[in-house]
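Some notes on the structure that comes next.
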Amino acid sequence: MSLETLAATIAARKGADPETSWTAKLLAKGPEKCAEKFGEEAIEAIIEAVKGDRARLTSEAADVLYHLLVMLAARDVTLADVVAELDRREGTSGIEEKAKR
């Protein structure tokens, strides 16, 4: 599954029944809860990265990507918006880009 497909699935579930869709259930709880869940998943991925368990890190990274897209959807930010920002930054040194903020 591509990130684009996952993002489209998440967008399609925005109006779904929270009783039948985990995505709809998360989105129904609001952007703050979606952000909290993303943070939890990010911490779990960090723990697995430190432990060095490749399989668990892979699994947690998938959770992080999913919950990032849900969090973005909760605030009506699309994957295309994020990709456009990455494209804007292409060719710019990370040090230079960070200094502009």
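In the structure tokens, the first chain shown is A, the next is B, and so on; residue numbers restart at 1 for each chain, and ligands run from 1 in the order shown.
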Using only C-alpha atoms, what does the table of segment 31-66 of chain A residues within 12 Å of segment 11-23 of chain A look like, with each row giving the shortest atom pair and its distance in Å to one decimal, sorted by chain and ascending number, as JSON lines?
{"residue": "A:Lys33", "atom": "CA", "partner": "A:Thr23", "partner_atom": "CA", "distance": 11.9}
{"residue": "A:Cys34", "atom": "CA", "partner": "A:Thr23", "partner_atom": "CA", "distance": 9.6}
{"residue": "A:Lys37", "atom": "CA", "partner": "A:Thr23", "partner_atom": "CA", "distance": 11.6}
{"residue": "A:Tyr66", "atom": "CA", "partner": "A:Thr23", "partner_atom": "CA", "distance": 9.4}
With C-alpha atoms retained, could you export that selection as an mmCIF file, in the first residue's frame?
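So again.cif came out as:
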data_model
loop_
_atom_site.group_PDB
_atom_site.id
_atom_site.type_symbol
_atom_site.label_atom_id
_atom_site.label_comp_id
_atom_site.auth_asym_id
_atom_site.auth_seq_id
_atom_site.Cartn_x
_atom_site.Cartn_y
_atom_site.Cartn_z
ATOM 1 C CA LYS A 33 -6.875 13.069 20.429
ATOM 2 C CA CYS A 34 -5.429 12.279 16.983
ATOM 3 C CA LYS A 37 -2.305 9.056 19.538
ATOM 4 C CA TYR A 66 -0.841 5.870 9.731
#
* Gap from atom CA of Arg89 of chain A to atom CA of Asp76 of chain A - Å, one decimal -> 21.4 Å
* **Contacts of Leu65 of chain A within 12 Å, only C-alpha atoms, excl. fewer than 6 positions in-chain, as a PyMOL selection string** => chain A and resi 1-4+6-7+10+37-39+41-42+45+58-59+71-72+79
* What residues in chain A get the DSSP label helix (DSSP H, G or I)? Please answer as an MDAnalysis selection string. -> chainID A and resid 3:15 22:28 31:51 54:74 79:89 94:99
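Non-sequential neighbours of Leu57 of chain A (distance at most 9 Å, separation of 5 or more positions within a chain, only C-alpha atoms) are Glu44, Ala45, Ile46, Ile47, Glu48, Ala49, Lys51, Gly52 and Ala62 of chain A.
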Residues just named, written with C-alpha atoms as a CSV table (one decimal), in the first residue's frame:
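What ended up in selection-v8.csv:
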chain,number,residue,atom,x,y,z
A,44,GLU,CA,6.8,3.5,20.8
A,45,ALA,CA,8.8,3.7,17.5
A,46,ILE,CA,11.6,5.6,19.4
A,47,ILE,CA,11.7,2.8,22.0
A,48,GLU,CA,12.0,0.1,19.4
A,49,ALA,CA,14.7,2.1,17.5
A,51,LYS,CA,16.2,-1.4,21.5
A,52,GLY,CA,17.4,-2.3,17.9
A,62,ALA,CA,3.9,1.8,10.1
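Closest approach to Leu68 of chain A from the set A:Ala35, A:Val50, A:Thr9, A:Glu90 is made by A:Ala35, with distances taken over only C-alpha atoms.
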* To do: Work out how far apart atom CA of Asp81 of chain A and atom CA of Lys25 of chain A are and give it in Å to one decimal.
  => 23.8 Å
* In Å, with one decimal, what is the gap from atom CA of Arg75 of chain A to atom CA of Gly30 of chain A? -> 8.9 Å
